[in-house]
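Below: the structure, in structure tokens.
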Amino acid sequence: MFYREAGDFKTSYAADSQTFPIAFDRYRYLAVIAFAYLVVPFLINDYWLNAVLLPFLIYAVAAIGLNILTGYCGQVSLGTGGFMAVGAYGCYKLMTAFPDLNIMVVILLSGLITAAVGFVFGLPSLRIKGFYLAVATLAAQFFLVWLFNKVSWFYNYSASGQITAPERLLFGLPVTGPSAVPWAVYLTALTFVVVLALAARNLTRGNIGRQWMAIRDMDIAAEIIGVNPLTAKLSAFAISSFYVGIAGAMFFVLYLGAVEVGEVYGIQKSFIVLFMIIIGGLGSIFGSFAGAAFMVLMPVLLKNIMVGQLGWPTDLAAHFEFVIVGLLIVVFLILEPHGLAQLWRLAKEKLRLWPFPH
Amino acid sequence: MSADFLFGVEVFLNGLMAGVLYSLVALGFVLIFKSSGIFNYAQGVFALFAALTLVGIQQGQVPFSHLINAVFGTKVHHFGWDVPSFLAIAMTGAVMVILAILVERYILRHLVNQPDIILFMATIGLAYFMEGFGDLMWGSEIKKLDVGIPQGGSFWIEEQTAGLGGDAFYGFYLDQLDIYATVFAAVLVLSLVAFSQYTKTGRALRAVADDHQAALSVGISLRFIWVVVWSIAGIVALVAGIMWGSKSGVQFSLSLIALKALPVLMLGGFTSIPGAIIGGLIIGVGEKMFEFLIGLPYLGGATENWFAYMLALIFLVFRPQGLFGEKIIERV
Amino acid sequence: MKFTKLAAAAVAATMCAGPVLADLVFPSLSYRTGPYAAGGIPFADGYADYFALLNERDGGIGGEMTRVLECETGYNTEKGVECYESTKGEGALVYQPLSTGITYQIIPKATADGIPLHTMGYGRTSAANGEVFSHVFNYPANYWYGASGVVNYLLEINDGDIKGKKVALVYHNSAYGKEPIRTLETLAEKHGFELSLLAVDHPGQEQKSQWLQIRRERPDYAVMWGWGVMNQVAIQEAANIRFPMENFIGVWWSGAQHDVLPAGDAADGYKAITFHGVGSDFPVFDEIRKHVHDKGNAAGTGDQIGTVLYNRGVYAAMLAAEAVRKAQEIHGVADITPAMMRDGMEALEITEARMAELGMPNFGPSFKVSCENHGGPGLVGVAQWDAGAKTWSLVSDFKPTDVEVINTLIEEDSMAYAAENNIEMSCQ
């Protein structure tokens with residue numbers, strides 16, 4: 001009833017192959033984007049920005065990046081944290097070396113730098129497969145963190161090795177540094193997220209996305225039907241790293257403002273992003289958002305309920321937070337093994353039939 | 001013999017010992033992966049939980065005391081008795097078996113036939129749960145673990161070898177705890193091998209590892225085997241927890257030792273028990289020697305973490321299935 | 001998206017229902033969970049207990065009740081951000097971020113929001129320069145004073161000459177662990193001792209390479225800049241290679257009960273620098289027992305009194321409370337704002353008489369904060385562990401450190417920060 005695929009007639013090829021072919025989907029996403037652009041900026045404050053929206057948006061970008069590599073191309077990666085660090089440190093070096101460069105350009109460039117690094121660490125994927133490939137990405141993770149900690153050029157020889165984002169303006173408004181305007185920061189992050197998510201959606205629908213999926217489903221078969229594993233795998237590594245690098249740069253300049261590589265971009269970050277895409281759903285852009293939402297919002301929500309509402313001691317609440325998140329993951333998996341994205345698909349199924357049961 | 005050479009030998013020996021400790025952690029992963037194809041992310045947390053439980057039982061701590069005190073306003077913390085080490089270890093083993101039964105009953109049973117990645121995810125959920133649950137049950141302060149294993153360099157070895165290399169050399173340093181760990185690991189592996197070769201359950205275990213379907217068709221209970229395997233993995237986690245916990249005290253960071261096992265697994269192959277042992281030794285020696293020869297003098301140190309993975313990576317480029325992994329046969 | 005919105009709506013509902021009270025609010029960004037919980041619990045308990053004592057005994061500070069707002073960070077920077085943002089709206093007077101990472105990223109934010117930070121013995125060392133860091137205070141001591149304090153102590157026990165001595169620094173391979181290196185290198189040049197650096201990667205469970213190296217080199221002294229599990233393992237490994245414990249000196253974050261207890265008797269004689277009193281022989285603890293614990297209002301389990309980090313928590317709370325008094329005095333109002341609090345902190349003066357009055361005689365050095373100097377006097381003492389009695393005791397009183405050398409370093413680092421971030425000098 002509400003979600004209809006039938007009756008949506010196309011009269012041109014362009015209309016038939018557009019990003020969201022179903023009218024309802026199109027309007028729904030437009031509505032969400034319009035809400036995010038036109039309503040949220042007026043409601044936003046520091047808490048909402050820094051505790052909820054910004055981490056959600058940035059993790060979503062990282063999750064999309066990893067989903068391209070792991071979900072679409074089938075290459076397991078545990079190097080997300082390290083690649084995010086490349087983005088952040090690239091961004092810091094560019095910001096301090098070229099103070100006049102537009103911050104959007106800086107973030108994009110750091111994404112490109114990360115793509116190059118990801119390309120290099122993707123090379124072993126041509127030889128090593130499955131779980132074993134994780135070792136190559138783990139090597140990247142630990143090596144990159146060590147490198148950024150050791151070589152003081154990366155943090156401009158400061159005494160402690162922390163990097164701090166200097167203030168940069170965008171259209172005359174500060175978006176980084178201490179006096180950043182919350183809604184401007186939000187809109188910057190949102191713009192990146194929307195553009196990157198749409199790009200990912202189209203990439204995965206197109207020629208290259210189909211190559212990735214062919215490799216994921218069975219690489220030898222894919223090779224036989226003419227997919228070049230070299231270009232497919234390495235392009236997945238490069239593009240995925242581009243996304244992850246941008247997420248890392250945003251994490252540094254927009255969200256935290258000051259980072260230390262071992263603490264912020266450690267192995268834990270790699271695992272968290274991997275959890276996000278598995279919980280959200282492998283091979284689904286929407287799943288990346290859902291997974292990021294689950295991992296970012298659930299702890300904040302639980303904390304606010306247990307400490308803010310029920311007044312529990314903070315340590316008990318923190319322990320229960322772990323217990324509850326763990327239980328939720330297991331229960332979700334038992335009820336719906338294919339992630340939150342599948343849940344959404346089922347919901348669509350129901351909406352399609354509603355209110356008639358058959 | 002020159003002192004430098006002897007120092008190298010010393011580093012080599014200590015690398016072997018460290019390797020054994022890594023293998024102990026890796027072993028738990030291999031056991032579960034081999035029999036059920038699950039990469040058990042919670043293995044590190046298992047080691048922490050086992051060690052926490054051991055100390056808790058040994059010192060007669062009241063489980064959930066913090067929670068009880070917060071809810072009822074009481075002030076309980078200890079029962080006031082001490083349980084002897086061996087009894088406490090046995091009781092902890094029993095707790096790990098119960099845990100295995102619960103895991104099978106409430107998680108695995110519902111996820112039969114799901115893809116590997118889903119089962120992996122389930123263990124992540126389990127890890128989160130256990131992390132919070134262990135802290136709730138036993139508290140999050142650091143606890144001293146003492147089951148009577150001596151620590152510190154062995155005087156005897158030091159004295160015997162002190163004359164080898166002149167004044168600059170003080171004799172080989174070997175930690176007694178490491179020697180004990182090596183012995184325990186050897187006993188553990190031998191008994192595992194004996195168990196899987198000479199007992200009925202052990203043979204069933206190998207059958208399941210080879211082929212789930214075929215094992216089911218000859219009447220082997222998959223559920224029972226899973227309980228057995230998870231119990232064994234739990235007990236291996238207990239041994240690892242004791243060894244690592246004796247060094248650092250039992251605390252949250254104990255769960256991070258799983259990271260030390262990852263390169264070992266990658267190198268040795270996920271499915272091979274000897275692979276876990278030999279992989280551990282190679283990683284242990286490799287990272288210690290690299291740190292000694294190149295890391296400390298030229299790169300500023302702390303290279304061990306990433307070098308372990310680099311080493312595994314180099315091996316894998318030549319043998320993509322790991323040293324002892326089953327050969328990958330690919331068909332379309 | 002649906003899920004997001006639901007969750008967001010729920011968060012919104014929770015947020016709006018928070019209590020709004022006119023008190024003196026002291027957020028406590030504690031970490032009672034995670035890898036560093038053992039260090040976080042006693043500090044948070046001490047901090048909360050002291051304010052509970054003030055409420056119970058004196059009816060707050062200057063007639064205003066205090067309220068400690070605890071927020072669990074788990075030593076995680078992202079949770080730290082959430083905690084900062086969720087507590088700052090409640091009129092938080094001063095933040096104690098208690099983690100290097102959280103400190104660094106709150107410094108610019110808190111400065112912009114006009115809320116003072118007190119990072120006592122951690123955080124950004126060069127924040128001692130009040131001209132650049134107007135809202136950050138790290139009195140009475142920071143890492144560089146600490147490093148210098150170690151060297152001075154070595155000078156003291158060697159009759160002023162440590163030329164040619166070998167000192168090994170075992171440090172946590174992170175921003176925190178690297179803090180003392182520059183100071184120690186400068187001092188090594190000045191006093192002619194040899195410094196060797198040994199990095200230990202996070203988390204630090206495996207330190208065999210480092211300690212074999214120490215055994216090989218046989219340095220005269222080992223200095224440790226560790227945290228978390230690294231401390232316990234290092235002390236155990238030092239005992240294992242039979243390194244003389246009295247020559248092993250830790251920073252103040254490596255010198256608590258829980259760091260030495262797991263090693264048992266082997267840790268006997270281990271030393272650590274400190275900037276506040278150790279032990280439980282202070283009248284204030286009796287007061288806390290009487291007014292707080294006996295009434296069942298203890299924070300946590302109430303068994304931490306007299307541990308090193310509990311004392312540090314009490315000390316931090318005392319300094320905050322004294323700054324509030326000062327602020328009330330300056331501005332003549334009881335219910336002060338964060339801006340007034342900043343003025344109070346900047347005018348803070350701690351005298352021996354005042355500390356005795358508060359039941360903490362000689363608990364810390366007497367000092368005076370000024371607009372230029374937010375770092376205090378930098379007096380550092382040394383405590384030693386007695387494994388038999390299970391107590392720490394001071395073996396060297398709070399003594400001055402090499403302020404000249406350090407102030408040059410502070411000047412250099414803070415000016416670089418000011419240039420990078422276009423900060424104008426205050427205090428003119």
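A note on labels: chains of the structure tokens are A, B, ... as shown, every chain counts residues from 1, and ligands are counted from 1 in their shown order.
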Practice task
For segment 137-149 of chain A, work out the shell of residues within 6 Å, counting only C-alpha atoms and skipping chain neighbours fewer than 5 positions away, then give it as number ranges by chain.
Solution key: A: 77-79, 82; B: 306, 309-310
Could you take the residues named above and write them with N, CA and C atoms, as a PDB file, in the first residue's frame?
ATOM      1  N   SER A  77      38.988  -6.458   5.749  1.00  0.00           N
ATOM      2  CA  SER A  77      40.020  -5.492   6.118  1.00  0.00           C
ATOM      3  C   SER A  77      39.922  -5.132   7.591  1.00  0.00           C
ATOM      4  N   LEU A  78      41.044  -5.186   8.265  1.00  0.00           N
ATOM      5  CA  LEU A  78      41.107  -4.714   9.652  1.00  0.00           C
ATOM      6  C   LEU A  78      42.089  -3.555   9.747  1.00  0.00           C
ATOM      7  N   GLY A  79      42.198  -2.799   8.663  1.00  0.00           N
ATOM      8  CA  GLY A  79      43.142  -1.683   8.676  1.00  0.00           C
ATOM      9  C   GLY A  79      42.457  -0.334   8.673  1.00  0.00           C
ATOM     10  N   GLY A  82      44.031   2.437  10.753  1.00  0.00           N
ATOM     11  CA  GLY A  82      45.280   2.934  10.189  1.00  0.00           C
ATOM     12  C   GLY A  82      45.032   3.858   9.009  1.00  0.00           C
TER      13      GLY A  82
ATOM     14  N   TRP B 306      53.962  -4.364  14.898  1.00  0.00           N
ATOM     15  CA  TRP B 306      53.732  -4.415  13.454  1.00  0.00           C
ATOM     16  C   TRP B 306      54.621  -5.435  12.784  1.00  0.00           C
ATOM     17  N   TYR B 309      53.101  -8.857  12.238  1.00  0.00           N
ATOM     18  CA  TYR B 309      52.198  -8.967  11.090  1.00  0.00           C
ATOM     19  C   TYR B 309      52.956  -8.958   9.774  1.00  0.00           C
ATOM     20  N   MET B 310      54.004  -8.128   9.708  1.00  0.00           N
ATOM     21  CA  MET B 310      54.809  -8.087   8.487  1.00  0.00           C
ATOM     22  C   MET B 310      55.405  -9.472   8.212  1.00  0.00           C
TER      23      MET B 310
END
Practice task
Mind the document's chain letters and residue numbers, and return as a VMD selection string the residues of segment 133-183 of chain B that DSSP labels helix (DSSP H, G or I).
Solution key: chain B and resid 133 to 138 155 to 165 176 to 183
Restricting the output to N, CA and C atoms, write the selected residues as a PDB file, in the first residue's frame.
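Ended up saving to out.pdb:
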ATOM      1  N   PHE B 133      29.826  -8.407  31.769  1.00  0.00           N
ATOM      2  CA  PHE B 133      29.386  -9.368  32.773  1.00  0.00           C
ATOM      3  C   PHE B 133      30.517  -9.711  33.738  1.00  0.00           C
ATOM      4  N   GLY B 134      31.719  -9.924  33.192  1.00  0.00           N
ATOM      5  CA  GLY B 134      32.865 -10.248  34.046  1.00  0.00           C
ATOM      6  C   GLY B 134      33.143  -9.140  35.045  1.00  0.00           C
ATOM      7  N   ASP B 135      33.081  -7.898  34.574  1.00  0.00           N
ATOM      8  CA  ASP B 135      33.318  -6.765  35.461  1.00  0.00           C
ATOM      9  C   ASP B 135      32.229  -6.660  36.516  1.00  0.00           C
ATOM     10  N   LEU B 136      30.983  -6.884  36.100  1.00  0.00           N
ATOM     11  CA  LEU B 136      29.868  -6.824  37.048  1.00  0.00           C
ATOM     12  C   LEU B 136      30.041  -7.880  38.136  1.00  0.00           C
ATOM     13  N   MET B 137      30.517  -9.043  37.687  1.00  0.00           N
ATOM     14  CA  MET B 137      30.581 -10.175  38.595  1.00  0.00           C
ATOM     15  C   MET B 137      31.738 -10.029  39.580  1.00  0.00           C
ATOM     16  N   TRP B 138      32.890  -9.609  39.093  1.00  0.00           N
ATOM     17  CA  TRP B 138      34.074  -9.635  39.947  1.00  0.00           C
ATOM     18  C   TRP B 138      34.688  -8.255  40.194  1.00  0.00           C
ATOM     19  N   PHE B 155      68.134 -18.702  38.600  1.00  0.00           N
ATOM     20  CA  PHE B 155      69.521 -18.544  39.064  1.00  0.00           C
ATOM     21  C   PHE B 155      70.425 -19.627  38.490  1.00  0.00           C
ATOM     22  N   TRP B 156      69.864 -20.840  38.477  1.00  0.00           N
ATOM     23  CA  TRP B 156      70.666 -21.987  38.092  1.00  0.00           C
ATOM     24  C   TRP B 156      71.210 -21.831  36.677  1.00  0.00           C
ATOM     25  N   ILE B 157      70.303 -21.473  35.761  1.00  0.00           N
ATOM     26  CA  ILE B 157      70.731 -21.309  34.366  1.00  0.00           C
ATOM     27  C   ILE B 157      71.724 -20.155  34.267  1.00  0.00           C
ATOM     28  N   GLU B 158      71.433 -19.105  34.994  1.00  0.00           N
ATOM     29  CA  GLU B 158      72.300 -17.938  34.926  1.00  0.00           C
ATOM     30  C   GLU B 158      73.707 -18.290  35.374  1.00  0.00           C
ATOM     31  N   GLU B 159      73.803 -19.022  36.472  1.00  0.00           N
ATOM     32  CA  GLU B 159      75.130 -19.360  36.987  1.00  0.00           C
ATOM     33  C   GLU B 159      75.863 -20.320  36.070  1.00  0.00           C
ATOM     34  N   GLN B 160      75.138 -21.297  35.543  1.00  0.00           N
ATOM     35  CA  GLN B 160      75.767 -22.286  34.678  1.00  0.00           C
ATOM     36  C   GLN B 160      76.359 -21.665  33.421  1.00  0.00           C
ATOM     37  N   THR B 161      75.701 -20.623  32.924  1.00  0.00           N
ATOM     38  CA  THR B 161      76.125 -20.094  31.634  1.00  0.00           C
ATOM     39  C   THR B 161      76.927 -18.800  31.751  1.00  0.00           C
ATOM     40  N   ALA B 162      77.108 -18.315  32.972  1.00  0.00           N
ATOM     41  CA  ALA B 162      77.720 -16.995  33.144  1.00  0.00           C
ATOM     42  C   ALA B 162      79.147 -16.964  32.610  1.00  0.00           C
ATOM     43  N   GLY B 163      79.842 -18.098  32.635  1.00  0.00           N
ATOM     44  CA  GLY B 163      81.239 -18.097  32.227  1.00  0.00           C
ATOM     45  C   GLY B 163      81.453 -18.061  30.724  1.00  0.00           C
ATOM     46  N   LEU B 164      80.367 -18.190  29.945  1.00  0.00           N
ATOM     47  CA  LEU B 164      80.531 -18.401  28.512  1.00  0.00           C
ATOM     48  C   LEU B 164      81.147 -17.231  27.758  1.00  0.00           C
ATOM     49  N   GLY B 165      80.793 -16.029  28.162  1.00  0.00           N
ATOM     50  CA  GLY B 165      81.149 -14.921  27.278  1.00  0.00           C
ATOM     51  C   GLY B 165      81.914 -13.780  27.919  1.00  0.00           C
ATOM     52  N   GLN B 176      61.427 -18.187  34.997  1.00  0.00           N
ATOM     53  CA  GLN B 176      60.882 -19.480  35.428  1.00  0.00           C
ATOM     54  C   GLN B 176      59.436 -19.664  35.014  1.00  0.00           C
ATOM     55  N   LEU B 177      58.688 -18.550  35.030  1.00  0.00           N
ATOM     56  CA  LEU B 177      57.287 -18.622  34.621  1.00  0.00           C
ATOM     57  C   LEU B 177      57.186 -19.108  33.183  1.00  0.00           C
ATOM     58  N   ASP B 178      58.088 -18.598  32.344  1.00  0.00           N
ATOM     59  CA  ASP B 178      58.084 -19.001  30.942  1.00  0.00           C
ATOM     60  C   ASP B 178      58.394 -20.482  30.798  1.00  0.00           C
ATOM     61  N   ILE B 179      59.326 -20.949  31.631  1.00  0.00           N
ATOM     62  CA  ILE B 179      59.679 -22.376  31.552  1.00  0.00           C
ATOM     63  C   ILE B 179      58.459 -23.214  31.935  1.00  0.00           C
ATOM     64  N   TYR B 180      57.799 -22.805  33.008  1.00  0.00           N
ATOM     65  CA  TYR B 180      56.578 -23.506  33.408  1.00  0.00           C
ATOM     66  C   TYR B 180      55.544 -23.466  32.303  1.00  0.00           C
ATOM     67  N   ALA B 181      55.407 -22.281  31.700  1.00  0.00           N
ATOM     68  CA  ALA B 181      54.411 -22.129  30.631  1.00  0.00           C
ATOM     69  C   ALA B 181      54.711 -23.090  29.496  1.00  0.00           C
ATOM     70  N   THR B 182      55.993 -23.222  29.176  1.00  0.00           N
ATOM     71  CA  THR B 182      56.374 -24.124  28.090  1.00  0.00           C
ATOM     72  C   THR B 182      55.985 -25.555  28.440  1.00  0.00           C
ATOM     73  N   VAL B 183      56.265 -25.936  29.692  1.00  0.00           N
ATOM     74  CA  VAL B 183      55.920 -27.292  30.107  1.00  0.00           C
ATOM     75  C   VAL B 183      54.409 -27.504  30.022  1.00  0.00           C
TER      76      VAL B 183
END
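With atom CA of Ser393 of chain C on one side and atom CA of Thr301 of chain C on the other, the separation reads 24.4 Å.
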Exercise for the section: Can you pull out every residue within 6 Å of Met224 of chain C, counting only C-alpha atoms, but drop anything in the same chain fewer than 2 positions away, and send it as a PyMOL selection string? Expected result: chain C and resi 169-171+226+250
Pick out the chain A residues within 6 Å of chain B. Count only C-alpha atoms. Give them as a compact mmCIF listing (two decimals) with C-alpha atoms, in the first residue's frame.
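Listing of part-v3.txt after writing:
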# COMPACT_ATOMS: atom_id res chain seq x y z
CA ILE A 128 46.19 -13.88 -0.17
CA TYR A 132 44.30 -14.54 5.83
CA ALA A 136 47.97 -7.62 5.35
CA ALA A 139 50.12 -5.06 9.19
CA PHE A 142 49.98 -1.46 13.24
CA PHE A 143 52.67 -0.14 10.95
CA ALA A 221 34.56 -17.62 -11.87
CA HIS A 319 29.00 -2.45 32.60
CA PHE A 322 28.32 -3.69 27.44
CA VAL A 323 26.01 -6.46 28.54
CA GLY A 326 26.24 -7.68 23.51
CA ILE A 329 23.83 -8.10 18.88
CA VAL A 330 23.20 -11.77 19.64
At a cut-off of 7 Å, can you tabulate as JSON lines every residue of chain C near chain B together with its closest atom pair and the distance in Å to one decimal, using only C-alpha atoms and ordering rows by chain then number?
{"residue": "C:Thr33", "atom": "CA", "partner": "B:Ser140", "partner_atom": "CA", "distance": 6.5}
{"residue": "C:Gly34", "atom": "CA", "partner": "B:Phe252", "partner_atom": "CA", "distance": 6.3}
{"residue": "C:Pro35", "atom": "CA", "partner": "B:Phe252", "partner_atom": "CA", "distance": 5.0}
{"residue": "C:Ala37", "atom": "CA", "partner": "B:Ser140", "partner_atom": "CA", "distance": 6.3}
{"residue": "C:Ala38", "atom": "CA", "partner": "B:Glu141", "partner_atom": "CA", "distance": 4.7}
{"residue": "C:Leu198", "atom": "CA", "partner": "B:Gly301", "partner_atom": "CA", "distance": 6.6}
{"residue": "C:Ala199", "atom": "CA", "partner": "B:Ala302", "partner_atom": "CA", "distance": 5.4}
{"residue": "C:Val200", "atom": "CA", "partner": "B:Ala302", "partner_atom": "CA", "distance": 5.6}
{"residue": "C:Asp201", "atom": "CA", "partner": "B:Ala302", "partner_atom": "CA", "distance": 5.6}
{"residue": "C:Ser209", "atom": "CA", "partner": "B:Lys288", "partner_atom": "CA", "distance": 6.2}
{"residue": "C:Val229", "atom": "CA", "partner": "B:Ser248", "partner_atom": "CA", "distance": 6.4}
{"residue": "C:Gln232", "atom": "CA", "partner": "B:Ser248", "partner_atom": "CA", "distance": 5.2}
{"residue": "C:Val233", "atom": "CA", "partner": "B:Ser248", "partner_atom": "CA", "distance": 4.8}
{"residue": "C:Gln236", "atom": "CA", "partner": "B:Lys247", "partner_atom": "CA", "distance": 6.5}
{"residue": "C:Ala239", "atom": "CA", "partner": "B:Gly152", "partner_atom": "CA", "distance": 6.7}
{"residue": "C:Asn240", "atom": "CA", "partner": "B:Gly152", "partner_atom": "CA", "distance": 3.6}
{"residue": "C:Ile241", "atom": "CA", "partner": "B:Gly153", "partner_atom": "CA", "distance": 5.8}
{"residue": "C:His258", "atom": "CA", "partner": "B:Ile142", "partner_atom": "CA", "distance": 6.4}
{"residue": "C:Leu261", "atom": "CA", "partner": "B:Lys144", "partner_atom": "CA", "distance": 7.0}
{"residue": "C:Pro262", "atom": "CA", "partner": "B:Lys144", "partner_atom": "CA", "distance": 4.6}
Write to file, as a PDB file, in the first residue's frame, the residues of the selection just made, with C-alpha atoms.
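That gives us selection30.pdb:
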ATOM      1  CA  THR C  33      35.598   0.683  33.511  1.00  0.00           C
ATOM      2  CA  GLY C  34      37.983  -0.287  30.755  1.00  0.00           C
ATOM      3  CA  PRO C  35      41.706  -0.941  30.753  1.00  0.00           C
ATOM      4  CA  ALA C  37      39.730   1.351  35.636  1.00  0.00           C
ATOM      5  CA  ALA C  38      42.072   0.492  38.496  1.00  0.00           C
ATOM      6  CA  LEU C 198      63.018   2.200  25.491  1.00  0.00           C
ATOM      7  CA  ALA C 199      59.533   2.457  24.042  1.00  0.00           C
ATOM      8  CA  VAL C 200      56.811   0.033  25.065  1.00  0.00           C
ATOM      9  CA  ASP C 201      53.853  -0.245  22.753  1.00  0.00           C
ATOM     10  CA  SER C 209      62.720  -7.148  24.714  1.00  0.00           C
ATOM     11  CA  VAL C 229      48.935  -2.782  32.546  1.00  0.00           C
ATOM     12  CA  GLN C 232      52.451  -3.927  36.622  1.00  0.00           C
ATOM     13  CA  VAL C 233      54.321  -5.819  33.925  1.00  0.00           C
ATOM     14  CA  GLN C 236      57.317  -7.560  37.569  1.00  0.00           C
ATOM     15  CA  ALA C 239      61.977  -7.855  39.612  1.00  0.00           C
ATOM     16  CA  ASN C 240      62.476 -10.818  37.300  1.00  0.00           C
ATOM     17  CA  ILE C 241      65.804  -9.562  35.973  1.00  0.00           C
ATOM     18  CA  HIS C 258      47.664  -1.403  42.380  1.00  0.00           C
ATOM     19  CA  LEU C 261      50.721  -5.123  44.619  1.00  0.00           C
ATOM     20  CA  PRO C 262      50.594  -7.717  41.817  1.00  0.00           C
TER      21      PRO C 262
END
Exercise for the section: Residues of chain A near chain C: apply a cut-off of 8 Å, count only C-alpha atoms, and supply the list as a PyMOL selection string. Expected result: chain A and resi 46-47+50-51+96+149+158-162+164+166-167+177-179+256-260+262-264+289-290+293-294+297-298+300-301+304-305+308-309+314-315+318-319
Exercise for the section: Mind giving me the straight-line distance from atom CA of Gly279 of chain C to atom CA of Met318 of chain C in Å, one decimal? Expected result: 16.6 Å
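The closest residue to Arg216 of chain A, picked from A:Tyr72, A:Tyr29, A:Phe332, A:Phe20 and counting only C-alpha atoms, is A:Tyr72.
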Problem - Residue neighbourhood Lys390 of chain C, 12 Å, only C-alpha atoms, exclusion window fewer than 3 positions, as a list in words - result: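 Result of the neighbour search: Ala256, Gln257, His258, Asp259, Val260, Leu261, Pro262, Ala263, Gly264, Asp265, Ala267, Asp268, Gly269, Tyr270, Gly279, Gly306, Thr307, Val308, Gln384, Trp385, Asp386, Ala387 and Ser393 of chain C.
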Problem - Long-range neighbours of Ile101 of chain B as number ranges by chain, 9 Å cut-off, only C-alpha atoms, 6 positions minimum in chain - result: B: 224, 226-228, 230-231
Export of prior selection with N, CA and C atoms as an mmCIF file, in the first residue's frame:
data_model
loop_
_atom_site.group_PDB
_atom_site.id
_atom_site.type_symbol
_atom_site.label_atom_id
_atom_site.label_comp_id
_atom_site.auth_asym_id
_atom_site.auth_seq_id
_atom_site.Cartn_x
_atom_site.Cartn_y
_atom_site.Cartn_z
ATOM 1 N N PHE B 224 26.804 -31.833 21.085
ATOM 2 C CA PHE B 224 27.684 -32.335 22.138
ATOM 3 C C PHE B 224 29.133 -31.984 21.807
ATOM 4 N N TRP B 226 30.232 -29.566 20.010
ATOM 5 C CA TRP B 226 30.477 -28.141 20.182
ATOM 6 C C TRP B 226 30.700 -27.799 21.649
ATOM 7 N N VAL B 227 29.892 -28.392 22.502
ATOM 8 C CA VAL B 227 30.078 -28.137 23.940
ATOM 9 C C VAL B 227 31.470 -28.571 24.359
ATOM 10 N N VAL B 228 31.871 -29.766 23.870
ATOM 11 C CA VAL B 228 33.205 -30.264 24.237
ATOM 12 C C VAL B 228 34.277 -29.283 23.774
ATOM 13 N N TRP B 230 34.091 -26.081 22.911
ATOM 14 C CA TRP B 230 34.086 -24.782 23.597
ATOM 15 C C TRP B 230 34.591 -24.925 25.026
ATOM 16 N N SER B 231 34.320 -26.077 25.648
ATOM 17 C CA SER B 231 34.860 -26.300 26.987
ATOM 18 C C SER B 231 36.377 -26.352 26.947
#
Practice task
Have a look at A:Ala116, A:Ile285, A:Val175, A:Ala317 and name the one nearest to Pro299 of chain A; count only C-alpha atoms.
Solution key: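 Closest to Pro299 of chain A, using only C-alpha atoms: A:Ala317.
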Handout entry: Selection near Val239 of chain B, 10 Å with only C-alpha atoms, sequence-local residues under 6 positions removed, as a ChimeraX atom specification
Key = /B:21,24-25,47,50-51,89,93,181,184-185,188,233,245
Problem - Test item, strand (DSSP E) assignment across segment 81-229 of chain A, answer as a ChimeraX atom specification - result: /A:163-164,169-170,173-174
Just to be explicit: take each residue in the selection above, keep N, CA and C atoms, and write the result as a PDB file, in the first residue's frame.
ATOM      1  N   ILE A 163      48.251  16.078  17.519  1.00  0.00           N
ATOM      2  CA  ILE A 163      48.020  17.080  16.493  1.00  0.00           C
ATOM      3  C   ILE A 163      46.723  17.814  16.802  1.00  0.00           C
ATOM      4  N   THR A 164      46.725  19.122  16.596  1.00  0.00           N
ATOM      5  CA  THR A 164      45.557  19.939  16.881  1.00  0.00           C
ATOM      6  C   THR A 164      45.145  20.664  15.611  1.00  0.00           C
ATOM      7  N   LEU A 169      38.212  28.562   7.789  1.00  0.00           N
ATOM      8  CA  LEU A 169      36.910  29.115   7.479  1.00  0.00           C
ATOM      9  C   LEU A 169      36.357  28.491   6.203  1.00  0.00           C
ATOM     10  N   LEU A 170      35.039  28.445   6.130  1.00  0.00           N
ATOM     11  CA  LEU A 170      34.368  28.012   4.916  1.00  0.00           C
ATOM     12  C   LEU A 170      33.239  29.010   4.695  1.00  0.00           C
ATOM     13  N   LEU A 173      32.782  31.269   7.595  1.00  0.00           N
ATOM     14  CA  LEU A 173      32.385  30.732   8.904  1.00  0.00           C
ATOM     15  C   LEU A 173      33.421  29.717   9.365  1.00  0.00           C
ATOM     16  N   PRO A 174      33.816  29.769  10.635  1.00  0.00           N
ATOM     17  CA  PRO A 174      34.775  28.768  11.098  1.00  0.00           C
ATOM     18  C   PRO A 174      34.115  27.386  11.181  1.00  0.00           C
TER      19      PRO A 174
END
